[in-house]
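Novice: The structure follows.
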Amino acid sequence: MGQSCSLESACTRQGVRPQVTRNAMGGSVSFHTALSERLSIIKCSREQVNKLLTDHPPQLTPGIRELVDSLHQRSVKVFLISGGFRCIVEHVASQLHIPLHHVYANRLKFYFNGEYAGFDEAQPTAQSGGKGTVIRMLKEQYGFENVVMIGDGATDLEACPPASAFIGFGGNVVRQQVKEKSSWYVTSFGELLKELEKI
């Protein structure tokens, strides 16, 4: 939802991350494998993560705060489902007044001395198709009939179904596959807000 703070860019050794990312985006490795490979290269300590968040706090994409506020005013529950890292996504959630129990993202693990110890592989977001798994779980837990997924990546797109609808978002980056396969594609949250206000 518009976070420009990147753990990988802050901690990755030059030239290694791009190949791992290309392999994942090209579908030649599973999301879990790509995540595991990236983190084994990065190996960020707790101190590095904290410094990243202090020096480069997540920035919100224009319009997202107003959209989420409008949804909250209509008693619509908003969740953040991310293949990113919970320690960063929680900062975005706090800025948007989204309860932390509405955040589903990957958890980094650290040893007592603060060194990287791995990631929580039990999180659904650590697996291929994990966002869809979370949406199925939310539908069961809350009895939702309709869930709308908004996202800019292939893993967001593949979560529909079980999401009832998918809105592609190109305000930060345009991914051609997402643009072509979205039934509705927007480049700003303002577009969504205008439509919401018509309801």
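Just so we're on the same page: first chain in the structure tokens is A, next is B, and so on; residues restart at 1 for each chain, and ligands are numbered from 1 in the order they show up.
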Going by DSSP on the backbone, which residues of chain A come out as alpha helix (DSSP H)? List them as number ranges by chain.

Specialist: A: 7-11, 16-25, 31-42, 46-55, 64-73, 86-95, 130-142, 154-157, 176-181, 189-197

Novice: Kindly give the distance, in Å, that separates CA of Pro161 (chain A) and CA of Ser94 (chain A), rounded to a single decimal.

Specialist: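 Between CA of Pro161 (chain A) and CA of Ser94 (chain A) the gap is 28.0 Å.
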
Novice: Kindly indicate which residue among A:Gln177, A:Gln127, A:Ser164, A:Ser45 lies nearest to Lys139 (chain A), using only C-alpha atoms for the distances.

Specialist: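 Among the listed residues, A:Ser164 lies closest to Lys139 (chain A).
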
Novice: List every residue of region 22-194 of chain A that DSSP, applied to the backbone, labels as strand (DSSP E), and write the result as a ChimeraX atom specification.

Specialist: /A:80-85,103-106,108-110,116-119,148-151,165-169,184-186

Novice: Using only C-alpha atoms, determine which residues lie at most 10 Å from His72 (chain A), disregarding the query and same-chain residues fewer than 4 positions distant; provide the list as a VMD selection string.

Specialist: chain A and resid 66 to 68 76 to 78 96 to 98

Novice: Residues at most 9 Å from Val178 (chain A), counting only C-alpha atoms, excluding those fewer than 2 positions away in the same chain, as a PyMOL selection string?

Specialist: chain A and resi 151-154+156-157+168-170+174-176+180-182+185

Novice: Figure out the distance between CA of Gln59 (chain A) and CA of Arg74 (chain A), please, to one decimal in Å.

Specialist: 24.9 Å

Novice: When you look at region 104-114 of chain A with a cut-off of 7 Å (counting only C-alpha atoms), what residues show up, excluding the ones that are within fewer than 2 positions of it in the same chain? I need them as JSON, numbers by chain.

Specialist: {"A": [45, 46, 47, 80, 81, 82, 83, 84, 85, 86, 102, 116, 117, 118, 119, 120, 123, 125, 126]}

Novice: Export all heavy atoms of the chosen residues as a tab-separated table (two decimals), in the first residue's frame?

Specialist:
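What follows is the written file part-v2.tsv:
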```
chain	number	residue	atom	x	y	z
A	45	SER	N	20.38	-7.68	10.38
A	45	SER	CA	20.25	-7.78	11.83
A	45	SER	C	19.07	-6.91	12.28
A	45	SER	O	18.58	-6.06	11.53
A	45	SER	CB	21.52	-7.29	12.51
A	45	SER	OG	21.68	-5.89	12.29
A	46	ARG	N	18.63	-7.13	13.51
A	46	ARG	CA	17.56	-6.29	14.07
A	46	ARG	C	17.98	-4.83	14.06
A	46	ARG	O	17.19	-3.94	13.75
A	46	ARG	CB	17.23	-6.74	15.50
A	46	ARG	CG	16.09	-5.91	16.11
A	46	ARG	CD	15.78	-6.32	17.53
A	46	ARG	NE	15.01	-7.56	17.55
A	46	ARG	CZ	15.39	-8.67	18.18
A	46	ARG	NH1	16.53	-8.71	18.84
A	46	ARG	NH2	14.64	-9.75	18.17
A	47	GLU	N	19.26	-4.56	14.36
A	47	GLU	CA	19.77	-3.19	14.38
A	47	GLU	C	19.66	-2.55	12.98
A	47	GLU	O	19.27	-1.39	12.85
A	47	GLU	CB	21.23	-3.19	14.84
A	47	GLU	CG	21.85	-1.80	14.92
A	47	GLU	CD	23.32	-1.84	15.32
A	47	GLU	OE1	23.78	-2.87	15.86
A	47	GLU	OE2	24.01	-0.83	15.09
A	80	LEU	N	-4.15	-5.45	5.46
A	80	LEU	CA	-2.93	-5.37	4.65
A	80	LEU	C	-2.37	-6.78	4.55
A	80	LEU	O	-2.02	-7.39	5.57
A	80	LEU	CB	-1.90	-4.44	5.29
A	80	LEU	CG	-2.28	-2.96	5.37
A	80	LEU	CD1	-1.16	-2.15	6.03
A	80	LEU	CD2	-2.61	-2.39	4.01
A	81	ILE	N	-2.30	-7.31	3.33
A	81	ILE	CA	-1.77	-8.65	3.08
A	81	ILE	C	-0.57	-8.46	2.18
A	81	ILE	O	-0.70	-8.03	1.04
A	81	ILE	CB	-2.83	-9.55	2.41
A	81	ILE	CG1	-4.12	-9.57	3.23
A	81	ILE	CG2	-2.28	-10.96	2.23
A	81	ILE	CD1	-5.29	-10.25	2.54
A	82	SER	N	0.62	-8.78	2.70
A	82	SER	CA	1.85	-8.45	1.98
A	82	SER	C	2.85	-9.59	2.01
A	82	SER	O	2.96	-10.30	3.01
A	82	SER	CB	2.48	-7.20	2.62
A	82	SER	OG	3.74	-6.92	2.05
A	83	GLY	N	3.57	-9.75	0.92
A	83	GLY	CA	4.69	-10.68	0.89
A	83	GLY	C	5.94	-10.03	1.46
A	83	GLY	O	6.99	-10.65	1.52
A	84	GLY	N	5.80	-8.77	1.90
A	84	GLY	CA	6.91	-8.04	2.52
A	84	GLY	C	7.05	-8.42	3.99
A	84	GLY	O	6.54	-9.45	4.45
A	85	PHE	N	7.71	-7.56	4.72
A	85	PHE	CA	8.06	-7.88	6.10
A	85	PHE	C	7.19	-7.13	7.09
A	85	PHE	O	6.99	-5.92	6.98
A	85	PHE	CB	9.54	-7.58	6.34
A	85	PHE	CG	10.42	-8.32	5.36
A	85	PHE	CD1	11.07	-7.64	4.35
A	85	PHE	CD2	10.53	-9.70	5.42
A	85	PHE	CE1	11.84	-8.32	3.42
A	85	PHE	CE2	11.29	-10.39	4.50
A	85	PHE	CZ	11.95	-9.70	3.49
A	86	ARG	N	6.66	-7.87	8.05
A	86	ARG	CA	5.71	-7.33	9.01
A	86	ARG	C	6.26	-6.10	9.73
A	86	ARG	O	5.53	-5.14	9.96
A	86	ARG	CB	5.31	-8.42	10.01
A	86	ARG	CG	4.20	-7.96	10.92
A	86	ARG	CD	3.69	-9.07	11.83
A	86	ARG	NE	2.65	-8.53	12.66
A	86	ARG	CZ	1.37	-8.60	12.38
A	86	ARG	NH1	0.96	-9.22	11.30
A	86	ARG	NH2	0.47	-8.08	13.19
A	102	HIS	N	-4.95	-6.90	11.72
A	102	HIS	CA	-5.41	-6.92	10.32
A	102	HIS	C	-4.22	-6.92	9.35
A	102	HIS	O	-4.39	-6.68	8.17
A	102	HIS	CB	-6.30	-5.71	10.02
A	102	HIS	CG	-7.68	-5.83	10.60
A	102	HIS	ND1	-8.72	-5.02	10.18
A	102	HIS	CD2	-8.21	-6.65	11.54
A	102	HIS	CE1	-9.81	-5.33	10.84
A	102	HIS	NE2	-9.52	-6.32	11.68
A	116	TYR	N	20.36	-12.01	12.40
A	116	TYR	CA	19.30	-12.66	11.62
A	116	TYR	C	19.27	-14.15	11.91
A	116	TYR	O	20.28	-14.83	11.92
A	116	TYR	CB	19.56	-12.41	10.13
A	116	TYR	CG	18.62	-13.16	9.22
A	116	TYR	CD1	17.30	-12.77	9.09
A	116	TYR	CD2	19.07	-14.27	8.50
A	116	TYR	CE1	16.43	-13.47	8.25
A	116	TYR	CE2	18.21	-14.96	7.66
A	116	TYR	CZ	16.90	-14.56	7.55
A	116	TYR	OH	16.05	-15.25	6.72
A	117	ALA	N	18.05	-14.68	12.15
A	117	ALA	CA	17.90	-16.10	12.48
A	117	ALA	C	16.94	-16.81	11.53
A	117	ALA	O	16.61	-17.97	11.73
A	117	ALA	CB	17.39	-16.25	13.91
A	118	GLY	N	16.46	-16.12	10.51
A	118	GLY	CA	15.55	-16.74	9.56
A	118	GLY	C	14.23	-16.00	9.50
A	118	GLY	O	14.13	-14.85	9.93
A	119	PHE	N	13.24	-16.68	8.97
A	119	PHE	CA	11.90	-16.09	8.90
A	119	PHE	C	10.88	-17.15	9.27
A	119	PHE	O	11.16	-18.35	9.23
A	119	PHE	CB	11.62	-15.49	7.52
A	119	PHE	CG	11.54	-16.51	6.40
A	119	PHE	CD1	10.31	-16.94	5.92
A	119	PHE	CD2	12.70	-17.01	5.81
A	119	PHE	CE1	10.23	-17.87	4.90
A	119	PHE	CE2	12.63	-17.94	4.78
A	119	PHE	CZ	11.39	-18.38	4.32
A	120	ASP	N	9.71	-16.70	9.66
A	120	ASP	CA	8.66	-17.61	10.09
A	120	ASP	C	8.05	-18.27	8.85
A	120	ASP	O	7.23	-17.67	8.16
A	120	ASP	CB	7.60	-16.84	10.87
A	120	ASP	CG	6.51	-17.73	11.42
A	120	ASP	OD1	6.49	-18.93	11.08
A	120	ASP	OD2	5.68	-17.23	12.20
A	123	GLN	N	4.06	-18.69	8.17
A	123	GLN	CA	3.17	-17.63	7.71
A	123	GLN	C	2.66	-17.95	6.32
A	123	GLN	O	3.43	-18.31	5.44
A	123	GLN	CB	3.92	-16.28	7.67
A	123	GLN	CG	4.32	-15.73	9.01
A	123	GLN	CD	3.12	-15.41	9.88
A	123	GLN	OE1	2.17	-14.78	9.45
A	123	GLN	NE2	3.17	-15.87	11.12
A	125	THR	N	1.83	-16.00	4.03
A	125	THR	CA	2.42	-15.07	3.06
A	125	THR	C	3.83	-15.47	2.64
A	125	THR	O	4.39	-14.87	1.73
A	125	THR	CB	2.42	-13.64	3.62
A	125	THR	OG1	3.01	-13.65	4.92
A	125	THR	CG2	1.01	-13.07	3.70
A	126	ALA	N	4.40	-16.48	3.29
A	126	ALA	CA	5.73	-16.97	2.90
A	126	ALA	C	5.63	-18.03	1.81
A	126	ALA	O	6.65	-18.51	1.33
A	126	ALA	CB	6.45	-17.55	4.12
```

Novice: I'd like to know which of A:Lys194, A:His56, A:Arg136, A:Arg65 is closest to Pro124 (chain A), using only C-alpha atoms.

Specialist: A:Arg136

Novice: Could you tell me how far CA of Asp55 (chain A) lies from CA of Ser36 (chain A), in Å and to one decimal?

Specialist: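 Going from CA of Asp55 (chain A) over to CA of Ser36 (chain A), I get 25.5 Å.
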
Novice: Measuring atom to atom with only C-alpha atoms, identify which of A:Val134, A:Leu100, A:Ala165, A:Leu71 is nearest to Leu196 (chain A).

Specialist: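 The shortest atom-to-atom distance to Leu196 (chain A) comes from A:Leu71.
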
Novice: Measuring atom to atom with only C-alpha atoms, identify which of A:Met137, A:Val92, A:Ser70, A:Val173 is nearest to Ile199 (chain A).

Specialist: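 Nearest candidate to Ile199 (chain A) out of A:Met137, A:Val92, A:Ser70, A:Val173: A:Ser70.
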
Novice: Nearest residue to Gly63 (chain A) out of A:Val147, A:Lys198, A:Thr187, A:Cys87, using only C-alpha atoms?

Specialist: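 Result for the nearest residue to Gly63 (chain A): A:Thr187.
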